[in-house]
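Participant: data.tsv is the file, holding TSV, C-alpha atoms and all ligand atoms:
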```tsv
chain	number	residue	atom	x	y	z
A	592	MET	CA	-122.59	-64.75	55.75
A	593	PRO	CA	-121.69	-68.26	54.48
A	594	ILE	CA	-119.61	-68.47	51.34
A	595	LYS	CA	-121.62	-69.70	48.33
A	596	ALA	CA	-119.21	-68.96	45.49
A	597	ILE	CA	-115.48	-68.87	44.84
A	598	LEU	CA	-114.03	-66.43	42.31
A	599	THR	CA	-110.47	-67.18	41.29
A	600	ASP	CA	-107.65	-65.41	39.50
A	601	ILE	CA	-105.49	-67.54	37.18
A	602	GLU	CA	-101.85	-66.35	36.82
A	603	GLY	CA	-100.03	-66.95	40.12
A	604	THR	CA	-103.16	-68.43	41.71
A	605	THR	CA	-104.48	-71.53	39.91
A	606	SER	CA	-101.57	-71.53	37.47
A	607	ALA	CA	-97.84	-70.82	37.48
A	608	VAL	CA	-96.64	-67.32	36.58
A	609	SER	CA	-93.85	-69.07	34.67
A	610	PHE	CA	-96.39	-70.84	32.41
A	611	VAL	CA	-97.84	-67.46	31.43
A	612	PHE	CA	-94.50	-65.63	31.08
A	613	ASP	CA	-92.31	-68.40	29.67
A	614	VAL	CA	-94.83	-70.29	27.53
A	615	LEU	CA	-98.00	-68.32	26.72
A	616	PHE	CA	-96.56	-64.82	26.17
A	617	PRO	CA	-93.64	-66.02	23.99
A	618	TYR	CA	-96.08	-68.18	21.97
A	619	ALA	CA	-98.28	-65.13	21.38
A	620	ALA	CA	-95.29	-62.92	20.49
A	621	LYS	CA	-94.08	-65.51	17.96
A	622	HIS	CA	-97.41	-66.27	16.27
A	623	LEU	CA	-99.37	-63.02	16.61
A	624	PRO	CA	-97.75	-61.15	13.66
A	625	ALA	CA	-98.65	-63.84	11.09
A	626	PHE	CA	-102.09	-64.30	12.65
A	627	VAL	CA	-102.88	-60.58	12.43
A	628	ARG	CA	-101.57	-60.28	8.85
A	629	LEU	CA	-103.67	-63.26	7.75
A	630	HIS	CA	-106.89	-62.34	9.56
A	631	ALA	CA	-106.78	-58.52	9.65
A	632	GLU	CA	-110.05	-58.33	7.67
A	633	ARG	CA	-111.93	-60.89	9.82
A	634	ALA	CA	-114.64	-59.03	11.72
A	635	ASP	CA	-113.62	-60.14	15.24
A	636	VAL	CA	-109.93	-59.41	14.53
A	637	ALA	CA	-110.62	-56.09	12.78
A	638	GLU	CA	-112.65	-54.98	15.82
A	639	GLN	CA	-109.65	-55.59	18.11
A	640	LEU	CA	-107.20	-53.90	15.72
A	641	ALA	CA	-109.45	-50.83	15.73
A	642	ALA	CA	-109.42	-50.90	19.54
A	643	VAL	CA	-105.58	-51.05	19.53
A	644	ARG	CA	-105.46	-47.98	17.26
A	645	ARG	CA	-107.90	-46.20	19.61
A	646	ASP	CA	-106.20	-47.20	22.92
A	647	GLY	CA	-102.75	-46.55	21.43
A	648	ASN	CA	-103.80	-43.10	20.20
A	649	GLU	CA	-102.67	-43.98	16.68
A	650	PRO	CA	-105.87	-43.86	14.62
A	651	ASN	CA	-103.97	-44.12	11.31
A	652	ALA	CA	-101.61	-46.97	12.21
A	653	ASP	CA	-101.30	-49.57	9.44
A	654	VAL	CA	-101.37	-53.30	10.20
A	655	GLU	CA	-97.57	-53.52	10.63
A	656	ARG	CA	-97.60	-50.62	13.11
A	657	VAL	CA	-100.49	-52.22	15.03
A	658	ILE	CA	-98.44	-55.43	15.28
A	659	GLU	CA	-95.50	-53.39	16.64
A	660	ILE	CA	-97.77	-51.82	19.27
A	661	LEU	CA	-99.12	-55.24	20.27
A	662	LEU	CA	-95.63	-56.75	20.63
A	663	GLY	CA	-94.65	-53.78	22.83
A	664	TRP	CA	-97.71	-54.38	25.00
A	665	ILE	CA	-96.84	-58.09	25.35
A	666	ALA	CA	-93.29	-57.15	26.40
A	667	GLU	CA	-94.54	-54.77	29.09
A	668	ASP	CA	-97.36	-57.15	30.21
A	669	ARG	CA	-100.01	-54.52	29.45
A	670	LYS	CA	-103.44	-55.82	30.51
A	671	ALA	CA	-105.07	-54.18	27.47
A	672	THR	CA	-108.42	-55.75	26.53
A	673	PRO	CA	-107.77	-55.88	22.73
A	674	LEU	CA	-104.33	-57.46	23.24
A	675	LYS	CA	-105.89	-60.05	25.57
A	676	ALA	CA	-108.61	-60.82	23.02
A	677	LEU	CA	-106.05	-61.34	20.24
A	678	GLN	CA	-103.77	-63.43	22.47
A	679	GLY	CA	-106.74	-65.70	23.18
A	680	MET	CA	-107.31	-66.21	19.44
A	681	VAL	CA	-103.63	-67.01	18.84
A	682	TRP	CA	-103.45	-69.40	21.81
A	683	GLU	CA	-106.54	-71.22	20.54
A	684	GLN	CA	-104.51	-72.30	17.52
A	685	GLY	CA	-101.72	-73.55	19.81
A	686	TYR	CA	-104.07	-75.51	22.05
A	687	GLN	CA	-105.88	-77.00	19.04
A	688	ALA	CA	-102.57	-78.05	17.48
A	689	GLY	CA	-101.51	-79.71	20.76
A	690	GLN	CA	-98.59	-77.26	21.11
A	691	LEU	CA	-100.02	-75.82	24.35
A	692	LYS	CA	-101.40	-77.55	27.45
A	693	GLY	CA	-102.78	-75.40	30.27
A	694	HIS	CA	-100.91	-75.49	33.55
A	695	VAL	CA	-103.09	-75.76	36.65
A	696	TYR	CA	-101.45	-76.63	39.97
A	697	PRO	CA	-102.51	-80.14	41.12
A	698	ASP	CA	-103.64	-78.70	44.48
A	699	ALA	CA	-105.91	-76.28	42.61
A	700	VAL	CA	-107.35	-79.09	40.48
A	701	ASP	CA	-108.11	-81.16	43.60
A	702	ALA	CA	-109.65	-78.26	45.53
A	703	LEU	CA	-111.74	-77.02	42.60
A	704	LYS	CA	-113.15	-80.55	42.13
A	705	ARG	CA	-113.86	-80.87	45.87
A	706	TRP	CA	-115.51	-77.45	46.15
A	707	HIS	CA	-117.63	-78.17	43.08
A	708	ARG	CA	-118.70	-81.49	44.62
A	709	ASP	CA	-119.48	-79.70	47.90
A	710	GLY	CA	-121.87	-77.34	46.09
A	711	PHE	CA	-119.83	-74.13	45.83
A	712	GLN	CA	-120.29	-72.24	42.58
A	713	LEU	CA	-116.93	-71.56	40.90
A	714	PHE	CA	-116.09	-68.54	38.76
A	715	VAL	CA	-112.94	-67.19	37.10
A	716	TYR	CA	-111.80	-63.56	36.93
A	717	SER	CA	-108.61	-62.96	34.97
A	718	SER	CA	-107.06	-60.28	32.77
A	719	GLY	CA	-106.77	-63.04	30.18
A	720	SER	CA	-109.78	-63.05	27.84
A	721	ILE	CA	-112.71	-65.36	28.51
A	722	GLN	CA	-111.62	-67.39	25.48
A	723	ALA	CA	-108.12	-67.73	26.98
A	724	GLN	CA	-109.62	-68.76	30.34
A	725	ARG	CA	-111.75	-71.49	28.76
A	726	LEU	CA	-108.67	-72.76	26.91
A	727	ILE	CA	-106.29	-72.95	29.89
A	728	PHE	CA	-108.88	-74.91	31.89
A	729	GLY	CA	-110.40	-76.78	28.96
A	730	CYS	CA	-107.08	-78.01	27.56
A	731	SER	CA	-105.23	-78.40	30.87
A	732	GLU	CA	-102.64	-81.01	31.77
A	733	ALA	CA	-105.35	-82.40	34.10
A	734	GLY	CA	-107.93	-82.64	31.32
A	735	ASP	CA	-111.06	-80.58	30.72
A	736	LEU	CA	-111.84	-78.66	33.90
A	737	THR	CA	-114.47	-76.36	32.36
A	738	PRO	CA	-117.45	-78.38	33.70
A	739	LEU	CA	-116.40	-77.20	37.18
A	740	PHE	CA	-117.02	-73.51	36.40
A	741	SER	CA	-120.29	-71.60	36.34
A	742	GLY	CA	-118.91	-68.50	34.63
A	743	TYR	CA	-115.91	-66.49	33.45
A	744	PHE	CA	-115.08	-62.77	33.75
A	745	ASP	CA	-112.35	-60.71	32.12
A	746	THR	CA	-111.44	-57.02	31.88
A	747	THR	CA	-114.67	-56.31	30.02
A	748	SER	CA	-116.14	-56.38	33.57
A	749	GLY	CA	-113.55	-53.75	34.57
A	750	PRO	CA	-109.88	-53.63	35.67
A	751	LYS	CA	-108.89	-56.11	38.38
A	752	ARG	CA	-107.61	-53.44	40.77
A	753	GLU	CA	-110.93	-51.53	40.91
A	754	ALA	CA	-113.65	-52.35	43.45
A	755	GLN	CA	-116.42	-51.60	40.94
A	756	SER	CA	-115.34	-54.60	38.83
A	757	TYR	CA	-116.04	-56.96	41.74
A	758	ALA	CA	-119.40	-55.29	42.36
A	759	ASN	CA	-120.18	-55.83	38.66
A	760	ILE	CA	-119.34	-59.53	38.94
A	761	SER	CA	-121.40	-59.97	42.12
A	762	GLN	CA	-124.35	-58.38	40.34
A	763	ALA	CA	-123.82	-60.48	37.20
A	764	ILE	CA	-123.91	-63.77	39.13
A	765	SER	CA	-126.67	-62.60	41.50
A	766	ILE	CA	-124.68	-63.54	44.59
A	767	GLU	CA	-124.05	-61.01	47.35
A	768	ALA	CA	-120.42	-59.91	47.54
A	769	GLY	CA	-120.21	-61.12	51.15
A	770	GLN	CA	-120.96	-64.67	49.98
A	771	ILE	CA	-118.10	-64.71	47.46
A	772	LEU	CA	-114.53	-65.71	48.30
A	773	PHE	CA	-111.96	-64.16	45.94
A	774	LEU	CA	-108.55	-65.81	45.46
A	775	SER	CA	-105.54	-63.95	44.02
A	776	ASP	CA	-101.78	-63.51	44.24
A	777	ILE	CA	-101.97	-59.70	43.87
A	778	VAL	CA	-102.65	-57.60	46.96
A	779	GLU	CA	-104.23	-54.71	45.00
A	780	GLU	CA	-106.77	-57.15	43.54
A	781	LEU	CA	-107.56	-58.55	47.00
A	782	ASP	CA	-107.93	-55.01	48.39
A	783	ALA	CA	-110.35	-54.09	45.58
A	784	ALA	CA	-112.43	-57.24	46.12
A	785	ARG	CA	-112.59	-56.56	49.85
A	786	THR	CA	-113.68	-52.96	49.26
A	787	ALA	CA	-116.56	-54.41	47.21
A	788	GLY	CA	-117.45	-56.60	50.23
A	789	MET	CA	-115.98	-59.96	49.17
A	790	ALA	CA	-114.06	-62.32	51.45
A	791	THR	CA	-110.46	-62.72	50.30
A	792	CYS	CA	-107.65	-65.22	50.40
A	793	GLY	CA	-104.16	-64.53	49.06
A	794	LEU	CA	-102.05	-67.12	47.28
A	795	ALA	CA	-98.29	-66.80	47.80
A	796	ARG	CA	-96.95	-69.88	46.05
A	797	GLU	CA	-93.36	-69.15	47.10
A	798	GLY	CA	-94.37	-68.33	50.68
A	799	GLY	CA	-94.78	-64.92	52.31
A	800	GLU	CA	-97.73	-62.73	53.15
A	801	LEU	CA	-100.16	-60.61	51.12
A	802	ALA	CA	-100.51	-57.70	53.53
A	803	GLY	CA	-103.84	-57.59	55.33
A	804	HIS	CA	-105.24	-60.82	53.85
A	805	VAL	CA	-105.27	-64.45	54.96
A	806	THR	CA	-102.47	-65.93	52.83
A	807	VAL	CA	-101.75	-69.55	51.92
A	808	ASP	CA	-99.24	-71.28	49.65
A	809	SER	CA	-101.62	-73.94	48.30
A	810	PHE	CA	-105.32	-74.45	47.57
A	811	ALA	CA	-105.09	-77.46	49.93
A	812	ARG	CA	-105.00	-74.97	52.84
A	813	ILE	CA	-108.20	-73.14	51.85
A	814	ASP	CA	-111.43	-74.03	53.66
A	815	PRO	CA	-114.17	-71.83	52.14
A	816	SER	CA	-116.51	-72.50	55.07
A	817	ALA	CA	-113.94	-70.90	57.43
A	818	PHE	CA	-114.34	-67.44	55.84
B	1	LIG	C1	-106.13	-66.78	30.93
B	1	LIG	S1	-104.51	-67.36	30.79
B	1	LIG	C2	-103.59	-65.97	30.30
B	1	LIG	C3	-103.28	-65.10	31.40
B	1	LIG	C4	-103.06	-63.68	31.01
B	1	LIG	O1	-103.04	-63.33	29.85
B	1	LIG	C5	-102.92	-62.72	32.05
B	1	LIG	O2	-102.77	-61.54	31.78
B	1	LIG	C6	-103.00	-63.18	33.45
B	1	LIG	O3	-103.76	-62.34	34.21
B	1	LIG	P1	-104.36	-62.78	35.64
B	1	LIG	O4	-105.42	-61.77	35.85
B	1	LIG	O5	-104.87	-64.18	35.54
B	1	LIG	O6	-103.27	-62.64	36.65
B	2	MG	MG	-102.69	-63.27	39.26
```
Is it possible to give me this structure as structure tokens?
Ligand SMILES: CSCCC(=O)C(=O)COP(=O)(O)O
Ligand SMILES: [Mg+2]
Facilitator:
Amino acid sequence: MPIKAILTDIEGTTSAVSFVFDVLFPYAAKHLPAFVRLHAERADVAEQLAAVRRDGNEPNADVERVIEILLGWIAEDRKATPLKALQGMVWEQGYQAGQLKGHVYPDAVDALKRWHRDGFQLFVYSSGSIQAQRLIFGCSEAGDLTPLFSGYFDTTSGPKREAQSYANISQAISIEAGQILFLSDIVEELDAARTAGMATCGLAREGGELAGHVTVDSFARIDPSAF
């Protein structure tokens, strides 16, 4: 079945792990406490704080305790949906203030532009919230890349290591799984996408192999029509 769409991960795939770990996560850890204290009553923030209390099994946690839980989750890189939603809100302030610029590898920028020109539909699937995805591509060092993408998916479609999440995405975009090429640096994500019927390509930016999957070190080496 010919590939019609490309679904890509962000961290370690289009963008450097170091940008997420050394820039984005520390920015969130620094600014999240003040953001939460200031906006705790705002409906979209209050909804996420309630979800933290629920997921953290601390229904009576006050705002300071919720902040402590969130900082712990950042430190352990927990892919918790309410944390990701709040990080997106905090990063928005950083991008708007010009303190953050999204990192996207130049080879990824070139390939995404070429594939878009060639008629492939491009989608993102990341543990980062959809807001955070739009920001990293919209305020990237290479300019606004959002016109290249037809849609964004986050953990509200399901965890990235579960096959059902990829089936959900295939259904949402009305493209058969076999016509979607999924790109990621994490073998468990590639395995899950394959179980759902997608074609897969691993990204190992430092070299090496993602067991059982075609693996490349750059988007320049990916030819979607070869899958
Ligand atoms: C959307 S940029 C922030 C990335 C992030 O928070 C994250 O957890 C990365 O997850 P990914 O699924 O892109 O590896
Ligand atoms: Mg990744």
Participant: Counting only C-alpha atoms and all ligand atoms, name the residues that have an atom within 9 Å of an atom of ligand LIG 1 (chain B); the answer should be given as a ChimeraX atom specification.
Facilitator: /A:599-606,608,610-612,615-616,668-671,674-675,678-679,693,715-728,745-746,751,775-777
Participant: What does the distance between CA of Thr747 in chain A and CA of Ile760 in chain A come to in Å, to one decimal place?
Facilitator: 10.6 Å
Participant: Can you tell me, as a list in words, what residues are no more than 12 Å from Ala754 in chain A when counting all atoms listed in the file, ignoring any on the same chain fewer than 5 positions away?
Facilitator: Ser748, Gly749, Asn759, Ile760, Ser761, Ala768, Glu779, Glu780, Leu781, Asp782, Ala783, Ala784, Arg785, Thr786, Ala787, Gly788 and Met789 of chain A
Participant: I need the residues from that last selection saved to file as a compact mmCIF listing (two decimals), keeping the file's coordinate frame (with C-alpha atoms), if you can.
Facilitator:
```
# COMPACT_ATOMS: atom_id res chain seq x y z
CA SER A 748 -116.14 -56.38 33.57
CA GLY A 749 -113.55 -53.75 34.57
CA ASN A 759 -120.18 -55.83 38.66
CA ILE A 760 -119.34 -59.53 38.94
CA SER A 761 -121.40 -59.97 42.12
CA ALA A 768 -120.42 -59.91 47.54
CA GLU A 779 -104.23 -54.71 45.00
CA GLU A 780 -106.77 -57.15 43.54
CA LEU A 781 -107.56 -58.55 47.00
CA ASP A 782 -107.93 -55.01 48.39
CA ALA A 783 -110.35 -54.09 45.58
CA ALA A 784 -112.43 -57.24 46.12
CA ARG A 785 -112.59 -56.56 49.85
CA THR A 786 -113.68 -52.96 49.26
CA ALA A 787 -116.56 -54.41 47.21
CA GLY A 788 -117.45 -56.60 50.23
CA MET A 789 -115.98 -59.96 49.17
```
Participant: What is the distance, in Å and to one decimal place, between CA of Val657 in chain A and CA of Pro617 in chain A?
Facilitator: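 Calculated distance between CA of Val657 in chain A and CA of Pro617 in chain A is 17.8 Å.
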Participant: CA of Thr806 in chain A and CA of Leu794 in chain A, how far apart in Å?
Facilitator: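 Atom-to-atom, CA of Leu794 in chain A to CA of Thr806 in chain A, that is 5.7 Å.
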Participant: Find, counting only C-alpha atoms, the residue in A:Ser609, A:Gln770, A:Thr737, A:Thr672 that gets nearest to Pro750 in chain A.
Facilitator: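 Of A:Ser609, A:Gln770, A:Thr737, A:Thr672, the one nearest Pro750 in chain A is A:Thr672, counting only C-alpha atoms.
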Participant: Let me make sure I understand: among A:Phe818, A:Trp682, A:Phe773, A:Phe740, which one has the smallest atom-to-atom distance to Trp706 in chain A if we use all atoms listed in the file?
Facilitator: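 Using all atoms listed in the file, Trp706 in chain A sits closest to A:Phe740.
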Participant: Can you list, as a list in words, every protein, DNA or RNA residue that comes within 10 Å of Arg644 in chain A when you count all atoms listed in the file, leaving out same-chain residues fewer than 5 positions away?
Facilitator: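 With the cut-off at 10 Å, the set is Gln639, Glu649, Pro650, Asn651, Ala652, Asp653, Val654, Arg656, Val657, Ile660 and Pro673 of chain A.
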Participant: Looking at A:Ala641, A:Leu677, A:Lys595, A:Ala607, which one is nearest to ligand MG 2 (chain B), with distances taken over only C-alpha atoms and all ligand atoms?
Facilitator: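 Distance minimum relative to ligand MG 2 (chain B) lands on A:Ala607.
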Participant: Can you sort out the box for range 706-719 of chain A, edges along x, y and z, all listed atoms in, 5 Å on every side, with centre and edge lengths in Å to one decimal, as JSON?
Facilitator:
```
{"center_x": -114.3, "center_y": -70.9, "center_z": 39.0, "size_x": 25.1, "size_y": 31.2, "size_z": 27.7}
```
Participant: Of the candidates A:Ala802, A:Leu774, A:Val807, A:Ile764, which one gets nearest to ligand MG 2 (chain B) if we count all atoms listed in the file?
Facilitator: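 Counting all atoms listed in the file, the residue closest to ligand MG 2 (chain B) is A:Leu774.
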Participant: For Phe711 in chain A, list every protein, DNA or RNA residue within 12 Å, evaluated using all atoms listed in the file, and leave out those in the same chain fewer than 5 positions away; present the list as a list in words.
Facilitator: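 Near Phe711 in chain A, the qualifying residues are Pro593, Ile594, Lys595, Ala596, Ile597, Leu598, Ala702, Leu703, Lys704, Arg705, Trp706, Leu739, Phe740, Ser741, Ile766, Gln770, Ile771, Leu772, Asp814, Pro815 and Ser816 of chain A.
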Participant: Which is closest to Val614 in chain A among A:Arg628, A:His694, A:Arg633, A:Arg645, if we use all atoms listed in the file?
Facilitator: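 Between A:Arg628, A:His694, A:Arg633, A:Arg645, the residue approaching Val614 in chain A most closely is A:His694.
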Participant: Between A:Ala811, A:Leu623, A:Ala733, A:Val778, which one has atoms that come closest to ligand MG 2 (chain B), using only C-alpha atoms and all ligand atoms?
Facilitator: A:Val778
